[in-house]
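Chemist: You'll find input.txt just under this line, and it carries compact mmCIF, C-alpha atoms.
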# COMPACT_ATOMS: atom_id res chain seq x y z
CA MET I 1 66.31 7.12 26.46
CA THR I 2 65.23 6.64 22.86
CA GLU I 3 67.65 5.66 20.15
CA ILE I 4 67.02 7.91 17.17
CA SER I 5 69.95 8.01 14.79
CA SER I 6 69.53 11.41 13.13
CA ILE I 7 67.41 14.50 12.59
CA ASP I 8 66.36 13.10 9.22
CA ALA I 9 65.13 9.97 11.01
CA VAL I 10 63.00 12.14 13.31
CA GLN I 11 61.47 14.00 10.36
CA LYS I 12 60.69 10.72 8.58
CA MET I 13 59.33 9.17 11.78
CA LEU I 14 56.91 12.08 12.23
CA ALA I 15 56.07 12.21 8.52
CA ASP I 16 55.03 8.55 8.69
CA GLN I 17 52.37 9.68 11.17
CA GLY I 18 51.21 12.49 8.88
CA TYR I 19 53.13 15.22 10.71
CA VAL I 20 55.33 17.33 8.46
CA CYS I 21 57.92 19.32 10.39
CA SER I 22 60.74 21.70 9.50
CA ARG I 23 64.43 20.92 9.95
CA ALA I 24 64.57 23.26 12.95
CA LEU I 25 61.69 21.53 14.70
CA GLY I 26 63.09 18.10 13.80
CA THR I 27 66.39 19.13 15.37
CA VAL I 28 64.90 20.18 18.72
CA VAL I 29 62.79 17.00 18.85
CA PHE I 30 65.91 14.93 18.12
CA LEU I 31 67.83 16.66 20.90
CA SER I 32 64.94 16.26 23.33
CA LEU I 33 64.86 12.51 22.70
CA ARG I 34 68.63 12.10 22.72
CA LEU I 35 69.27 14.18 25.87
CA GLY I 36 66.10 13.26 27.76
CA ARG I 37 65.12 16.93 28.13
CA PRO I 38 61.51 18.20 28.20
CA LEU I 39 60.42 19.92 25.00
CA PHE I 40 58.72 23.32 25.37
CA LEU I 41 56.70 24.35 22.31
CA GLU I 42 55.20 27.81 22.09
CA GLY I 43 53.12 29.35 19.33
CA GLU I 44 49.67 30.37 18.19
CA ALA I 45 46.77 27.98 18.66
CA GLY I 46 46.30 25.53 15.80
CA VAL I 47 49.88 25.41 14.49
CA GLY I 48 50.41 21.77 15.47
CA LYS I 49 52.05 21.81 18.91
CA THR I 50 49.78 19.18 20.44
CA GLU I 51 49.99 17.01 17.34
CA ILE I 52 53.76 16.62 17.80
CA ALA I 53 53.20 14.73 21.06
CA LYS I 54 50.55 12.54 19.44
CA ALA I 55 52.81 11.77 16.48
CA LEU I 56 55.75 11.00 18.78
CA ALA I 57 53.71 8.59 20.87
CA ALA I 58 52.34 6.80 17.82
CA SER I 59 55.69 6.53 16.04
CA LEU I 60 57.56 5.30 19.11
CA GLY I 61 54.79 2.95 20.21
CA ARG I 62 54.48 4.71 23.57
CA LYS I 63 51.44 5.55 25.63
CA LEU I 64 50.30 9.16 25.36
CA ILE I 65 49.34 10.74 28.69
CA ARG I 66 47.78 14.18 28.44
CA LEU I 67 47.49 16.76 31.20
CA GLN I 68 45.12 19.43 29.93
CA CYS I 69 45.88 22.60 31.86
CA TYR I 70 43.28 25.09 33.05
CA GLU I 71 42.99 28.01 35.44
CA GLY I 72 43.03 26.78 39.03
CA LEU I 73 44.77 23.48 38.29
CA ASP I 74 46.72 22.41 41.38
CA ALA I 75 49.26 19.73 42.21
CA SER I 76 46.77 17.29 43.72
CA SER I 77 44.51 17.42 40.65
CA ALA I 78 47.49 16.78 38.38
CA VAL I 79 49.08 14.02 40.47
CA TYR I 80 46.50 11.96 42.36
CA GLU I 81 43.40 11.86 44.47
CA TRP I 82 41.89 9.31 46.84
CA ASN I 83 38.72 7.42 45.99
CA PHE I 84 36.75 8.77 48.94
CA PRO I 85 33.44 6.98 48.15
CA ALA I 86 35.23 3.62 48.02
CA GLN I 87 37.10 4.44 51.23
CA MET I 88 33.83 5.26 53.00
CA VAL I 89 32.31 1.95 51.86
CA ALA I 90 35.37 0.11 53.22
CA ILE I 91 35.08 1.95 56.56
CA ARG I 92 31.37 1.13 56.88
CA ALA I 93 32.07 -2.52 55.96
CA ALA I 94 34.80 -2.73 58.61
CA GLU I 95 32.48 -1.20 61.23
CA ALA I 96 29.68 -3.61 60.34
CA SER I 97 31.98 -6.62 60.60
CA GLY I 98 33.28 -5.47 63.97
CA GLY I 99 36.83 -4.86 62.72
CA SER I 100 38.90 -3.12 65.36
CA ASP I 101 42.39 -2.98 63.85
CA LYS I 102 42.36 0.71 62.97
CA LYS I 103 46.02 0.78 61.89
CA ALA I 104 45.53 -2.07 59.43
CA LEU I 105 42.38 -0.40 58.09
CA GLN I 106 44.21 2.91 57.62
CA THR I 107 47.02 1.16 55.76
CA GLU I 108 44.49 -0.51 53.49
CA LEU I 109 42.56 2.71 52.84
CA PHE I 110 45.69 4.58 51.71
CA SER I 111 46.98 1.94 49.32
CA ASP I 112 47.04 1.57 45.54
CA ASP I 113 43.58 0.00 45.66
CA TYR I 114 42.06 3.38 46.54
CA LEU I 115 44.47 5.63 44.66
CA ILE I 116 43.26 7.42 41.54
CA GLU I 117 46.26 8.27 39.40
CA ARG I 118 46.24 11.57 37.55
CA PRO I 119 48.51 12.28 34.55
CA LEU I 120 51.75 13.24 36.36
CA LEU I 121 51.72 10.17 38.60
CA GLU I 122 50.63 7.90 35.77
CA ALA I 123 53.55 9.13 33.65
CA MET I 124 56.01 8.13 36.37
CA ARG I 125 54.81 4.57 36.64
CA PRO I 126 56.72 1.76 34.86
CA ASN I 127 55.36 0.91 31.41
CA GLU I 128 56.13 -2.27 29.51
CA ASN I 129 56.48 -0.37 26.22
CA GLY I 130 58.93 2.13 27.68
CA PRO I 131 58.52 5.61 29.14
CA PRO I 132 55.29 7.25 27.98
CA VAL I 133 54.90 10.58 26.21
CA LEU I 134 53.61 13.11 28.75
CA LEU I 135 51.83 16.01 27.08
CA ILE I 136 51.36 19.04 29.36
CA ASP I 137 49.03 21.01 27.14
CA GLU I 138 48.46 24.79 27.29
CA LEU I 139 50.55 25.44 30.39
CA ASP I 140 49.91 29.17 30.04
CA ARG I 141 46.35 28.59 31.27
CA THR I 142 47.56 27.63 34.75
CA ASP I 143 48.78 29.78 37.65
CA GLU I 144 52.35 30.43 38.80
CA PRO I 145 52.16 28.13 41.86
CA PHE I 146 51.47 25.18 39.59
CA GLU I 147 54.42 26.19 37.40
CA ALA I 148 56.67 26.08 40.46
CA PHE I 149 55.42 22.63 41.36
CA LEU I 150 55.85 21.42 37.79
CA LEU I 151 59.42 22.72 37.69
CA GLU I 152 60.26 20.60 40.73
CA ALA I 153 58.49 17.54 39.33
CA LEU I 154 60.31 17.80 35.98
CA SER I 155 63.67 18.33 37.67
CA ASP I 156 63.61 15.06 39.61
CA PHE I 157 60.82 13.20 37.82
CA GLN I 158 59.29 12.28 41.14
CA VAL I 159 56.21 13.20 43.15
CA THR I 160 55.36 12.81 46.82
CA ILE I 161 52.12 11.40 48.21
CA PRO I 162 52.05 12.12 51.97
CA GLU I 163 50.30 8.85 52.84
CA MET I 164 52.59 6.71 50.65
CA GLY I 165 55.89 8.53 50.28
CA THR I 166 57.91 9.55 47.23
CA ILE I 167 57.33 7.89 43.86
CA LYS I 168 60.15 8.27 41.33
CA ALA I 169 60.01 7.37 37.66
CA PRO I 170 62.31 4.41 36.84
CA GLU I 171 62.86 6.12 33.47
CA PRO I 172 61.89 9.73 32.78
CA PRO I 173 58.88 10.14 30.47
CA ILE I 174 59.19 11.97 27.16
CA VAL I 175 57.77 15.38 28.11
CA VAL I 176 56.17 17.84 25.69
CA VAL I 177 54.95 21.14 27.16
CA THR I 178 52.86 23.50 25.01
CA SER I 179 51.85 27.13 25.44
CA ASN I 180 49.68 29.45 23.33
CA ARG I 181 51.45 32.38 25.01
CA THR I 182 48.34 33.93 26.48
CA ARG I 183 50.76 34.86 29.26
CA GLU I 184 54.49 34.48 29.80
CA VAL I 185 55.66 31.23 31.37
CA HIS I 186 58.39 31.65 34.00
CA ASP I 187 61.97 31.57 32.71
CA ALA I 188 62.99 28.92 35.25
CA LEU I 189 60.66 26.40 33.66
CA LYS I 190 61.71 27.31 30.13
CA ARG I 191 65.38 26.88 31.06
CA ARG I 192 64.62 23.33 32.20
CA CYS I 193 63.38 22.54 28.67
CA LEU I 194 64.52 22.73 25.08
CA TYR I 195 62.53 25.59 23.54
CA HIS I 196 61.03 26.02 20.07
CA TRP I 197 58.61 28.55 18.65
CA VAL I 198 56.18 26.82 16.27
CA ASP I 199 55.27 29.39 13.65
CA TYR I 200 52.75 29.37 10.84
CA PRO I 201 54.26 27.41 7.93
CA ASN I 202 55.10 28.97 4.59
CA PHE I 203 53.14 28.04 1.45
CA GLU I 204 55.27 25.02 0.50
CA ARG I 205 55.29 23.58 4.02
CA GLU I 206 51.54 24.06 4.45
CA MET I 207 50.97 22.35 1.11
CA GLU I 208 53.00 19.38 2.35
CA ILE I 209 50.96 19.27 5.55
CA LEU I 210 47.64 19.48 3.74
CA THR I 211 48.69 16.80 1.25
CA ALA I 212 49.65 14.52 4.15
CA ARG I 213 46.46 15.13 6.16
CA ALA I 214 43.95 15.42 3.30
CA PRO I 215 45.48 13.42 0.44
CA GLU I 216 42.12 13.00 -1.30
CA ALA I 217 41.98 16.74 -2.12
CA ALA I 218 42.98 17.68 -5.67
CA GLU I 219 46.24 19.61 -5.89
CA SER I 220 44.55 22.60 -7.54
CA LEU I 221 42.02 22.92 -4.74
CA SER I 222 44.69 22.43 -2.06
CA ARG I 223 46.78 25.20 -3.60
CA GLU I 224 43.81 27.58 -3.62
CA VAL I 225 42.94 26.71 0.00
CA VAL I 226 46.49 27.22 1.25
CA ALA I 227 46.98 30.44 -0.74
CA PHE I 228 43.71 31.85 0.60
CA VAL I 229 44.50 30.96 4.22
CA GLN I 230 48.02 32.36 3.90
CA LYS I 231 46.60 35.66 2.59
CA LEU I 232 43.90 35.62 5.28
CA ARG I 233 46.58 35.53 7.98
CA THR I 234 47.87 38.91 6.79
CA GLU I 235 44.48 40.51 7.43
CA ASP I 236 43.55 42.32 10.65
CA LEU I 237 41.74 39.47 12.41
CA PHE I 238 41.10 38.77 16.07
CA LYS I 239 42.13 35.13 15.63
CA LYS I 240 44.11 34.07 12.58
CA PRO I 241 43.37 30.57 11.24
CA GLY I 242 45.92 27.90 12.13
CA VAL I 243 47.01 24.85 10.20
CA ALA I 244 44.28 22.85 11.93
CA GLU I 245 41.69 25.18 10.37
CA THR I 246 43.31 24.80 6.93
CA ILE I 247 42.92 21.02 7.18
CA ASP I 248 39.35 21.26 8.51
CA TRP I 249 38.34 23.66 5.75
CA ALA I 250 39.78 21.44 3.01
CA LYS I 251 37.86 18.46 4.40
CA CYS I 252 34.65 20.52 4.53
CA LEU I 253 35.12 21.54 0.90
CA LEU I 254 35.67 17.91 -0.08
CA ALA I 255 32.48 16.91 1.73
CA LEU I 256 30.63 19.53 -0.35
CA ASP I 257 32.25 18.27 -3.59
CA VAL I 258 33.82 21.68 -4.20
CA ILE I 259 36.26 21.72 -7.11
CA THR I 260 37.44 25.32 -6.94
CA LEU I 261 37.06 28.24 -4.54
CA SER I 262 34.56 31.01 -5.18
CA PRO I 263 33.34 33.92 -3.03
CA GLU I 264 30.02 32.10 -2.57
CA VAL I 265 31.69 28.88 -1.38
CA ILE I 266 33.95 30.85 0.96
CA ALA I 267 30.97 32.70 2.47
CA ASP I 268 29.16 29.41 3.08
CA THR I 269 32.11 27.72 4.79
CA LEU I 270 33.78 30.53 6.75
CA GLY I 271 32.86 28.85 10.02
CA ALA I 272 35.48 26.18 9.30
CA ILE I 273 38.37 28.64 9.30
CA LEU I 274 37.23 31.61 11.41
CA LYS I 275 35.82 31.17 14.92
CA TYR I 276 34.77 34.70 15.83
CA GLN I 277 31.75 36.49 14.41
CA ASP I 278 33.61 39.81 14.08
CA ASP I 279 36.21 38.12 11.87
CA ILE I 280 33.53 36.42 9.77
CA ALA I 281 31.68 39.73 9.34
CA LYS I 282 34.82 41.31 7.88
CA LEU I 283 34.78 38.86 4.99
CA HIS I 284 31.20 39.51 3.91
CA GLY I 285 30.49 41.19 0.63
CA SER I 286 33.42 41.93 -1.67
CA GLU I 287 36.16 41.24 0.91
CA ALA I 288 36.18 37.49 0.29
CA LYS I 289 36.52 38.06 -3.45
CA ARG I 290 39.32 40.59 -2.94
CA ILE I 291 41.33 38.18 -0.77
CA LEU I 292 40.64 35.26 -3.14
CA ASP I 293 41.79 37.29 -6.16
CA GLN I 294 44.98 38.32 -4.33
CA ALA I 295 45.61 34.74 -3.24
CA LYS I 296 45.23 33.39 -6.77
CA ALA I 297 47.53 36.13 -8.10
CA THR I 298 50.31 34.90 -5.80
CA MET I 299 50.00 31.28 -6.93
CA GLU I 300 52.52 30.03 -9.42
CA PRO I 301 51.16 27.93 -12.30
CA VAL I 302 51.23 24.20 -11.56
Write the structure described by the file as structure tokens, please.

Modeler:
Amino acid sequence: MTEISSIDAVQKMLADQGYVCSRALGTVVFLSLRLGRPLFLEGEAGVGKTEIAKALAASLGRKLIRLQCYEGLDASSAVYEWNFPAQMVAIRAAEASGGSDKKALQTELFSDDYLIERPLLEAMRPNENGPPVLLIDELDRTDEPFEAFLLEALSDFQVTIPEMGTIKAPEPPIVVVTSNRTREVHDALKRRCLYHWVDYPNFEREMEILTARAPEAAESLSREVVAFVQKLRTEDLFKKPGVAETIDWAKCLLALDVITLSPEVIADTLGAILKYQDDIAKLHGSEAKRILDQAKATMEPV
């Protein structure tokens, strides 16, 4: 499907888009592209699963099509729907003009002119730049019946519209499925894909990511930010900060012209890295200073 020569080429390709990935992740992305298999990425929110699809689409020059999953999502909402208001206008116009060919009118009403394509159908249409990147985001938010439908769709890369018949992709799209593991996704779907758990990065990897995404930050400040967030993830929190929060926090600190971290600065900007009041309350008082002191103690001199 996509000619990528090596795992190193994949890592460089993603790095050119500001996405720093490990060798293990680069390997599974390489295999997904080479074998034409869907890529299933699981991990905590904010570790960069969605960004992989965005970086892939940008680096390959492909269209990114995103299906954002939610509870109650069904096949028709993910594939297509008919433009009922436009169909009603066409029916009224035909009645007003005295049109009597009901079969011709029905054929016209259920044609591409009145079809609203949703992500799965759009991803199976021909594209002049090559197969698009189909991002099926947060699959764990959906129900099991939709999983069963998706398994069938990804097996044959085709969907059926009763009024029009079966539509099959001329070339399979590049599929990236993500899950925050709020519930277990069925094994049958995982077996259809190449699987990778996207974990929180270590200090060195997170420094690389932050340098790529916020290059204007001074190295000393970036090191303090990463060390603090890494230490914060070891605390008993309801929701640990992801890499996305690390980047957001660094950018907030830059906007405030902060040069170095202090308990006061941390208290003022906690909303950039923690999203639950109970977690924020735990860092009031001396807790922020304690974690900052421990974080700085773990940092090696530059």

Chemist: For I:Val47, which residue out of I:Val29, I:Met164, I:Ile116, I:Ala244 is the nearest one, using all atoms listed in the file?

Modeler: I:Ala244

Chemist: Can you measure atom CA of I:Asp257 to atom CA of I:Ala295 for me? One decimal in Å is fine.

Modeler: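 Separating atom CA of I:Asp257 from atom CA of I:Ala295 is a distance of 21.2 Å.
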
Chemist: Have a look at I:Pro263, I:Pro38, I:Gly26, I:Pro126 and name the one nearest to I:Ile167; count all atoms listed in the file.

Modeler: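 So, comparing all the options, the nearest one is I:Pro126.
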
Chemist: What does the structure give for the distance between atom CA of I:Asn83 and atom CA of I:Gly165, in Å to one decimal?

Modeler: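 Those two atoms sit 17.7 Å apart.
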
Chemist: Atom CA of I:Ser22 to atom CA of I:Asn202: how many Å, to one decimal?

Modeler: 10.4 Å

Chemist: List the spatial neighbours of I:Gly36 as an mmCIF file with C-alpha atoms, in the coordinates of the input - criterion: any atom at most 8 Å away, all atoms listed in the file, same-chain residues fewer than 4 positions off excluded.

Modeler:
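Result file is result-v7.cif:
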data_model
loop_
_atom_site.group_PDB
_atom_site.id
_atom_site.type_symbol
_atom_site.label_atom_id
_atom_site.label_comp_id
_atom_site.auth_asym_id
_atom_site.auth_seq_id
_atom_site.Cartn_x
_atom_site.Cartn_y
_atom_site.Cartn_z
ATOM 1 C CA MET I 1 66.310 7.120 26.460
ATOM 2 C CA LEU I 31 67.830 16.660 20.900
ATOM 3 C CA SER I 32 64.940 16.260 23.330
ATOM 4 C CA PRO I 172 61.890 9.730 32.780
ATOM 5 C CA ILE I 174 59.190 11.970 27.160
#

Chemist: Given all atoms listed in the file as the basis, pick out the residue of I:Leu253, I:Ala227, I:Leu150, I:Ala24 nearest to I:Asp199.

Modeler: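 Closest candidate: I:Ala24.
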
Chemist: What box, with edges along x, y and z, holds each listed atom of stretch 5-17 of chain I when 4 Å is added on every side, and can you state its centre and edge lengths in Å to one decimal, as lines of an AutoDock Vina configuration file?

Modeler:
center_x = 61.2
center_y = 11.3
center_z = 11.7
size_x = 25.6
size_y = 14.5
size_z = 14.3

Chemist: Would you please work out which residue, of I:Pro201, I:Pro241, I:Gly61, I:Pro119, is nearest to I:Ser77 when using all atoms listed in the file?

Modeler: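 The closest residue to I:Ser77 is I:Pro119.
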
Chemist: Using only C-alpha atoms, pick whichever of I:Val176, I:Leu221, I:Leu151, I:Cys69 has the shortest atom-to-atom distance to I:Leu189.

Modeler: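 That would be I:Leu151, the residue with the smallest distance to I:Leu189.
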
Chemist: Any idea what's packed within 12 Å of I:Ser179, counting all atoms listed in the file, ignoring anything in its chain fewer than 3 positions away? Could you give it as a CSV table (one decimal) with C-alpha atoms, in the coordinates of the input?

Modeler:
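Result file is out21.csv:
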chain,number,residue,atom,x,y,z
I,39,LEU,CA,60.4,19.9,25.0
I,40,PHE,CA,58.7,23.3,25.4
I,41,LEU,CA,56.7,24.4,22.3
I,42,GLU,CA,55.2,27.8,22.1
I,43,GLY,CA,53.1,29.4,19.3
I,44,GLU,CA,49.7,30.4,18.2
I,45,ALA,CA,46.8,28.0,18.7
I,46,GLY,CA,46.3,25.5,15.8
I,47,VAL,CA,49.9,25.4,14.5
I,48,GLY,CA,50.4,21.8,15.5
I,49,LYS,CA,52.0,21.8,18.9
I,50,THR,CA,49.8,19.2,20.4
I,68,GLN,CA,45.1,19.4,29.9
I,69,CYS,CA,45.9,22.6,31.9
I,70,TYR,CA,43.3,25.1,33.0
I,135,LEU,CA,51.8,16.0,27.1
I,136,ILE,CA,51.4,19.0,29.4
I,137,ASP,CA,49.0,21.0,27.1
I,138,GLU,CA,48.5,24.8,27.3
I,139,LEU,CA,50.6,25.4,30.4
I,140,ASP,CA,49.9,29.2,30.0
I,141,ARG,CA,46.4,28.6,31.3
I,142,THR,CA,47.6,27.6,34.8
I,176,VAL,CA,56.2,17.8,25.7
I,182,THR,CA,48.3,33.9,26.5
I,183,ARG,CA,50.8,34.9,29.3
I,184,GLU,CA,54.5,34.5,29.8
I,185,VAL,CA,55.7,31.2,31.4
I,186,HIS,CA,58.4,31.6,34.0
I,190,LYS,CA,61.7,27.3,30.1
I,195,TYR,CA,62.5,25.6,23.5
I,196,HIS,CA,61.0,26.0,20.1
I,197,TRP,CA,58.6,28.6,18.6
I,198,VAL,CA,56.2,26.8,16.3

Chemist: Check the smallest atom-to-atom distance from each of I:Ala250, I:Ala90, I:Leu256, I:Leu14 to I:Ala58 using all atoms listed in the file, then report the winner.

Modeler: I:Leu14

Chemist: If we count all atoms listed in the file and set the cut-off at 9 Å, which residues sit around I:Leu56, ignoring sequence neighbours fewer than 3 positions away in its own chain? Please answer as an MDAnalysis selection string.

Modeler: chainID I and resid 13:14 17 51:53 59:62 64 133

Chemist: Using all atoms listed in the file, what table do you get, as a tab-separated table, when you list each residue of stretch 9-73 of chain I with an atom no more than 10 Å from stretch 203-220 of chain I, its nearest pair of atoms, and their distance in Å rounded to one decimal, rows by chain then rising number?

Modeler:
residue	atom	partner	partner_atom	distance
I:Ala15	CA	I:Ala212	CA	8.1
I:Asp16	CA	I:Ala212	CA	9.2
I:Gln17	CA	I:Ala212	CA	9.0
I:Gly18	CA	I:Ala212	CA	5.4
I:Tyr19	CA	I:Ile209	CA	6.9
I:Val20	CA	I:Ile209	CA	5.6
I:Cys21	CA	I:Arg205	CA	8.1
I:Ser22	CA	I:Arg205	CA	8.0

Chemist: List every protein, DNA or RNA residue that has an atom no more than 12 Å from (35.0, 2.4, 54.4) in the file's coordinate frame, counting all atoms listed in the file, and report them as a PDB file with C-alpha atoms, in the frame of the given file.

Modeler:
ATOM      1  CA  ASN I  83      38.720   7.420  45.990  1.00  0.00           C
ATOM      2  CA  PHE I  84      36.750   8.770  48.940  1.00  0.00           C
ATOM      3  CA  PRO I  85      33.440   6.980  48.150  1.00  0.00           C
ATOM      4  CA  ALA I  86      35.230   3.620  48.020  1.00  0.00           C
ATOM      5  CA  GLN I  87      37.100   4.440  51.230  1.00  0.00           C
ATOM      6  CA  MET I  88      33.830   5.260  53.000  1.00  0.00           C
ATOM      7  CA  VAL I  89      32.310   1.950  51.860  1.00  0.00           C
ATOM      8  CA  ALA I  90      35.370   0.110  53.220  1.00  0.00           C
ATOM      9  CA  ILE I  91      35.080   1.950  56.560  1.00  0.00           C
ATOM     10  CA  ARG I  92      31.370   1.130  56.880  1.00  0.00           C
ATOM     11  CA  ALA I  93      32.070  -2.520  55.960  1.00  0.00           C
ATOM     12  CA  ALA I  94      34.800  -2.730  58.610  1.00  0.00           C
ATOM     13  CA  GLU I  95      32.480  -1.200  61.230  1.00  0.00           C
ATOM     14  CA  ALA I  96      29.680  -3.610  60.340  1.00  0.00           C
ATOM     15  CA  SER I  97      31.980  -6.620  60.600  1.00  0.00           C
ATOM     16  CA  GLY I  99      36.830  -4.860  62.720  1.00  0.00           C
ATOM     17  CA  LYS I 102      42.360   0.710  62.970  1.00  0.00           C
ATOM     18  CA  LEU I 105      42.380  -0.400  58.090  1.00  0.00           C
ATOM     19  CA  GLN I 106      44.210   2.910  57.620  1.00  0.00           C
ATOM     20  CA  GLU I 108      44.490  -0.510  53.490  1.00  0.00           C
ATOM     21  CA  LEU I 109      42.560   2.710  52.840  1.00  0.00           C
ATOM     22  CA  PHE I 110      45.690   4.580  51.710  1.00  0.00           C
ATOM     23  CA  TYR I 114      42.060   3.380  46.540  1.00  0.00           C
TER      24      TYR I 114
END
